[in-house]
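**Q** Submitted below is the structure of interest, expressed as structure tokens.
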Amino acid sequence: MLRSVAVIALDEVAAFELGVLAEVFGTDRTDDGFPGYRFAVCTVDGSPVRSRSGFLITPHADLAPVEKADLVAVPAHAEGATAPAPVLDALRRAADRGAWVFSVCSGAFVLGEAGLLDGRDCTTHWRHVDDLQRRHPAARVRCNSLYVQDGRLLTSAGTAAGIDACLHLVRQEHGSAIATRLARRMVVPPHRDGGQSQYVEAPIPKAPEAPTLEPVLEWLMGHLDRTVTVEALAARAGMAPRTFARRFRAETGTTPHDWLTNQRVLLARRLLEETRLSVETVADHSGFGDAAALRHHFTRRVGTTPHAYRTTFRERVEA
């Protein structure tokens with residue numbers, strides 16, 4: 001269970017990315033039923049560091065809390081900077097003892113310097129993916145992902161994607177209900193579909209007369225148990241199927257089928273966590289139809305079977 005978090009702040013740290021980590025893990029919401037964490041912002045020698053915005057940040061401590069933290073996070077920092085050797089050594093030790101190691105945006109370069117990306121799936125801001133791959137050719141850089149988990153290694157793209165990754169980690173450790181409540185508290189989506197391609201500086205042509213897909217998405221969220229087709233959704237949106245499919249990808253960054261499957265898996269996770277419904281019933285309620293289809297999609301997207309997920313989640317909650 002995640003109980004302690006250490007954030008390593010380097011010189012020229014990005015204030016927003018540091019703030020995201022502090023908002024999710026460093027804000028005490030235990031009175032409202034949220035998990036609490038021992039949270040520490042750390043610098044190499046415990047001295048203040050300057051943010052990219054020019055103001056000084058006074059840390060809680062030097063690198064000592066990193067040695068025992070369940071999660072060690074590195075926010076974005078100055079591009080091209082080299083991390084001090086003590087930071088790299090501390091990150092390697094954290095990874096070796098099984099702690100979560102997490103980077104936001106260009107923080108991935110620090111993990112790369114520590115050798116933690118070699119042979120691993122990872123990501124960073126779309127502007128930096130080519131440079132990250134060039135500097136660390138043994139890494140498997142996924143250029144279109146908002147965040148990537150590879151074992152206990154978690155990397156995220158720029159700025160808001162750090163929020164997505166934090167909520168993903170909260171969901172992993174504490175379940176969908178807590179992550180969804182936290183997202184609502186922060187007034188952000190509990191899960192965003194699509195990838196970074198929707199934010200790259202290559203304008204996607206938009207037909208100004210095309211209506212927003214929000215009503216269709218809201219309807220889908222309330223009817224995940226139903227069998228739906230692109231043709232039926234297009235009709236609900238008042239578009240031709242091909243136009244609807246193009247518009248859907250432009251607005252969400254993914255296909256209708258992939259978006260719907262993701263939402264159904266999220267619903268299945270919540271049902272497995274919060275109810276004692278059979279896997280067959282969970283499959284029916286989440287729109288997969290039968291347990292075999294649920295197992296197929298759940299295993300592909302979560303990395304384990306529904307039964308194993310339920311067992312692991314209960315053990316984690318009871319720990």
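Letters A, B, ... go to the chains of the structure tokens in the order shown; residues in each chain start at 1; ligands are counted from 1 in the same order.
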Show which residues sit within 6 Å of stretch 60-73 of chain A, as a ChimeraX atom specification. Count only C-alpha atoms, and ignore same-chain residues fewer than 3 positions away.

**A** /A:2,4-7,40-46,99-103

**Q** Mind the document's chain letters and residue numbers, and return as a list in words the residues of stretch 13-61 of chain A that DSSP labels strand (DSSP E or B).

**A** Val13, Arg38, Phe39, Ala40, Val41, Cys42, Val49, Arg50, Ser51, Leu56, Ile57 and Ala61 of chain A

**Q** Could you find all residues in stretch 58-204 of chain A that DSSP calls helix (DSSP H, G or I) from the backbone, and write them as a PDB file with C-alpha atoms, in the first residue's frame?

**A**
ATOM      1  CA  ALA A  64      17.032  10.946   3.057  1.00  0.00           C
ATOM      2  CA  PRO A  65      13.240  10.387   2.625  1.00  0.00           C
ATOM      3  CA  VAL A  66      13.894   8.918  -0.838  1.00  0.00           C
ATOM      4  CA  GLU A  67      15.560   5.894   0.766  1.00  0.00           C
ATOM      5  CA  ALA A  85      25.141  11.634  -9.046  1.00  0.00           C
ATOM      6  CA  PRO A  86      23.493  11.308  -5.582  1.00  0.00           C
ATOM      7  CA  VAL A  87      20.060  11.700  -7.226  1.00  0.00           C
ATOM      8  CA  LEU A  88      20.796   9.003  -9.796  1.00  0.00           C
ATOM      9  CA  ASP A  89      22.116   6.646  -7.114  1.00  0.00           C
ATOM     10  CA  ALA A  90      19.026   7.239  -4.955  1.00  0.00           C
ATOM     11  CA  LEU A  91      16.719   6.491  -7.892  1.00  0.00           C
ATOM     12  CA  ARG A  92      18.547   3.245  -8.652  1.00  0.00           C
ATOM     13  CA  ARG A  93      18.246   2.144  -5.039  1.00  0.00           C
ATOM     14  CA  ALA A  94      14.543   2.995  -5.007  1.00  0.00           C
ATOM     15  CA  ALA A  95      13.954   0.912  -8.128  1.00  0.00           C
ATOM     16  CA  ASP A  96      16.042  -1.969  -6.774  1.00  0.00           C
ATOM     17  CA  CYS A 105       7.270  15.296 -18.498  1.00  0.00           C
ATOM     18  CA  SER A 106      11.037  15.870 -18.843  1.00  0.00           C
ATOM     19  CA  GLY A 107      11.641  14.148 -15.523  1.00  0.00           C
ATOM     20  CA  ALA A 108      11.930  11.018 -17.691  1.00  0.00           C
ATOM     21  CA  PHE A 109      15.422  12.159 -18.730  1.00  0.00           C
ATOM     22  CA  VAL A 110      16.563  11.818 -15.117  1.00  0.00           C
ATOM     23  CA  LEU A 111      15.218   8.269 -14.993  1.00  0.00           C
ATOM     24  CA  GLY A 112      17.059   7.630 -18.251  1.00  0.00           C
ATOM     25  CA  GLU A 113      20.315   8.952 -16.800  1.00  0.00           C
ATOM     26  CA  VAL A 129      10.269  11.998 -27.339  1.00  0.00           C
ATOM     27  CA  ASP A 130      12.810  11.990 -30.169  1.00  0.00           C
ATOM     28  CA  ASP A 131      15.512  13.401 -27.905  1.00  0.00           C
ATOM     29  CA  LEU A 132      14.696  10.886 -25.177  1.00  0.00           C
ATOM     30  CA  GLN A 133      14.953   8.018 -27.658  1.00  0.00           C
ATOM     31  CA  ARG A 134      18.209   9.409 -29.058  1.00  0.00           C
ATOM     32  CA  ARG A 135      19.803   9.757 -25.628  1.00  0.00           C
ATOM     33  CA  ALA A 160      -1.904  17.726 -17.418  1.00  0.00           C
ATOM     34  CA  ALA A 161      -0.790  14.199 -18.309  1.00  0.00           C
ATOM     35  CA  GLY A 162       0.933  14.206 -14.926  1.00  0.00           C
ATOM     36  CA  ILE A 163      -2.530  14.459 -13.352  1.00  0.00           C
ATOM     37  CA  ASP A 164      -3.695  11.513 -15.469  1.00  0.00           C
ATOM     38  CA  ALA A 165      -0.718   9.440 -14.311  1.00  0.00           C
ATOM     39  CA  CYS A 166      -1.232  10.384 -10.662  1.00  0.00           C
ATOM     40  CA  LEU A 167      -4.878   9.325 -10.819  1.00  0.00           C
ATOM     41  CA  HIS A 168      -3.830   6.103 -12.541  1.00  0.00           C
ATOM     42  CA  LEU A 169      -1.444   5.386  -9.683  1.00  0.00           C
ATOM     43  CA  VAL A 170      -4.111   6.194  -7.085  1.00  0.00           C
ATOM     44  CA  ARG A 171      -6.449   3.830  -8.939  1.00  0.00           C
ATOM     45  CA  GLN A 172      -3.791   1.112  -8.900  1.00  0.00           C
ATOM     46  CA  GLU A 173      -3.134   1.491  -5.183  1.00  0.00           C
ATOM     47  CA  HIS A 174      -6.525   2.458  -3.747  1.00  0.00           C
ATOM     48  CA  SER A 176     -11.380   3.216  -8.841  1.00  0.00           C
ATOM     49  CA  ALA A 177     -13.776   4.692  -6.280  1.00  0.00           C
ATOM     50  CA  ILE A 178     -11.031   6.687  -4.522  1.00  0.00           C
ATOM     51  CA  ALA A 179      -9.484   7.794  -7.835  1.00  0.00           C
ATOM     52  CA  THR A 180     -12.862   8.933  -9.163  1.00  0.00           C
ATOM     53  CA  ARG A 181     -13.675  10.828  -5.966  1.00  0.00           C
ATOM     54  CA  LEU A 182     -10.275  12.501  -6.057  1.00  0.00           C
ATOM     55  CA  ALA A 183     -10.733  13.469  -9.706  1.00  0.00           C
ATOM     56  CA  ARG A 184     -14.111  14.983  -8.864  1.00  0.00           C
ATOM     57  CA  ARG A 185     -12.545  16.875  -5.967  1.00  0.00           C
ATOM     58  CA  MET A 186      -9.856  18.233  -8.317  1.00  0.00           C
ATOM     59  CA  GLN A 196      -0.598  13.028 -27.215  1.00  0.00           C
ATOM     60  CA  SER A 197      -1.255  13.234 -30.954  1.00  0.00           C
ATOM     61  CA  GLN A 198      -4.352  15.289 -30.246  1.00  0.00           C
ATOM     62  CA  TYR A 199      -2.103  17.995 -28.713  1.00  0.00           C
TER      63      TYR A 199
END

**Q** I want to know what sits within 10 Å of A:Leu272, based on only C-alpha atoms, with residues of the same chain fewer than 3 positions away left out; could you give that as a ChimeraX atom specification?

**A** /A:175-176,266-269,275-279,282,306-307,309-311,313-314

**Q** Go ahead and compute the interatomic distance for atom CA of A:Arg247 and atom CA of A:Met221, in Å to one decimal.

**A**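 Distance reported for this atom pair: 18.2 Å.
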
**Q** I want to know what sits within 12 Å of A:His257, based on only C-alpha atoms, with residues of the same chain fewer than 3 positions away left out; could you give that as a ChimeraX atom specification?

**A** /A:193-194,220,224,227-231,233,245,248-249,252-254,260-264,297

**Q** Just to be explicit: take each residue in the selection above, keep N, CA, C and O atoms, and write the result as a compact mmCIF listing (two decimals), in the first residue's frame.

**A**
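Written output follows (out.txt):
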# COMPACT_ATOMS: atom_id res chain seq x y z
N ASP A 193 -9.13 9.39 -22.52
CA ASP A 193 -8.74 8.49 -23.60
C ASP A 193 -7.90 9.24 -24.62
O ASP A 193 -7.81 10.46 -24.62
N GLY A 194 -7.30 8.48 -25.51
CA GLY A 194 -6.52 9.08 -26.58
C GLY A 194 -5.08 9.27 -26.17
O GLY A 194 -4.64 8.85 -25.11
N LEU A 220 -23.40 7.37 -23.95
CA LEU A 220 -22.65 6.11 -23.89
C LEU A 220 -22.26 5.76 -22.46
O LEU A 220 -22.36 4.59 -22.05
N LEU A 224 -23.36 1.74 -20.96
CA LEU A 224 -22.22 0.90 -21.32
C LEU A 224 -22.60 -0.58 -21.45
O LEU A 224 -21.88 -1.35 -22.08
N THR A 227 -25.36 -3.05 -26.42
CA THR A 227 -24.63 -3.27 -27.66
C THR A 227 -24.87 -2.08 -28.58
O THR A 227 -26.02 -1.74 -28.86
N VAL A 228 -23.80 -1.43 -29.01
CA VAL A 228 -23.94 -0.26 -29.87
C VAL A 228 -23.04 -0.42 -31.09
O VAL A 228 -22.04 -1.13 -31.05
N THR A 229 -23.40 0.25 -32.14
CA THR A 229 -22.61 0.24 -33.37
C THR A 229 -22.25 1.67 -33.74
O THR A 229 -22.89 2.62 -33.29
N VAL A 230 -21.22 1.79 -34.55
CA VAL A 230 -20.83 3.11 -35.04
C VAL A 230 -21.98 3.74 -35.81
O VAL A 230 -22.23 4.95 -35.70
N GLU A 231 -22.70 2.93 -36.56
CA GLU A 231 -23.82 3.45 -37.33
C GLU A 231 -24.89 4.04 -36.42
O GLU A 231 -25.44 5.12 -36.70
N LEU A 233 -24.44 5.17 -33.30
CA LEU A 233 -23.91 6.36 -32.66
C LEU A 233 -23.88 7.53 -33.64
O LEU A 233 -24.16 8.68 -33.27
N ALA A 245 -16.87 8.78 -37.39
CA ALA A 245 -15.63 8.13 -36.98
C ALA A 245 -14.45 9.11 -37.03
O ALA A 245 -13.61 9.12 -36.13
N PHE A 248 -14.90 11.62 -34.20
CA PHE A 248 -14.65 10.99 -32.91
C PHE A 248 -13.15 10.94 -32.63
O PHE A 248 -12.70 11.29 -31.53
N ARG A 249 -12.37 10.52 -33.61
CA ARG A 249 -10.92 10.47 -33.42
C ARG A 249 -10.35 11.87 -33.20
O ARG A 249 -9.44 12.07 -32.38
N THR A 252 -11.40 12.85 -29.51
CA THR A 252 -10.98 12.00 -28.39
C THR A 252 -9.59 11.42 -28.57
O THR A 252 -9.00 10.92 -27.61
N GLY A 253 -9.06 11.44 -29.81
CA GLY A 253 -7.75 10.87 -30.05
C GLY A 253 -7.74 9.37 -30.22
O GLY A 253 -6.67 8.76 -30.28
N THR A 254 -8.93 8.76 -30.31
CA THR A 254 -9.00 7.31 -30.46
C THR A 254 -10.26 6.94 -31.22
O THR A 254 -11.06 7.81 -31.57
N LEU A 260 -14.84 3.05 -26.16
CA LEU A 260 -15.89 2.32 -25.47
C LEU A 260 -15.32 1.15 -24.67
O LEU A 260 -15.73 0.91 -23.53
N THR A 261 -14.34 0.46 -25.25
CA THR A 261 -13.72 -0.65 -24.53
C THR A 261 -13.01 -0.17 -23.27
O THR A 261 -13.11 -0.79 -22.21
N ASN A 262 -12.30 0.96 -23.37
CA ASN A 262 -11.64 1.52 -22.19
C ASN A 262 -12.64 1.83 -21.09
O ASN A 262 -12.41 1.54 -19.91
N GLN A 263 -13.76 2.47 -21.46
CA GLN A 263 -14.77 2.83 -20.46
C GLN A 263 -15.39 1.60 -19.84
O GLN A 263 -15.68 1.56 -18.63
N ARG A 264 -15.60 0.57 -20.63
CA ARG A 264 -16.17 -0.67 -20.10
C ARG A 264 -15.21 -1.36 -19.14
O ARG A 264 -15.64 -1.93 -18.12
N HIS A 297 -10.41 -8.57 -22.97
CA HIS A 297 -10.14 -7.12 -22.99
C HIS A 297 -9.53 -6.65 -21.67
O HIS A 297 -8.66 -5.77 -21.66

**Q** Quick one: residues within 9 Å of A:Pro35, only C-alpha atoms counted, chain neighbours fewer than 2 positions away excluded, as a ChimeraX atom specification?

**A** /A:2-3,25,28-30,33,37,174,178

**Q** Find the distance between atom CA of A:Arg50 and atom CA of A:Cys122 and write it in Å to one decimal.

**A**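 The value is 27.2 Å.
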
**Q** Just to confirm, what's the straight-line distance from atom CA of A:Ala240 to atom CA of A:Thr255 in Å (one decimal)?

**A**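 Answer for the atom CA of A:Ala240 to atom CA of A:Thr255 separation: 15.3 Å.
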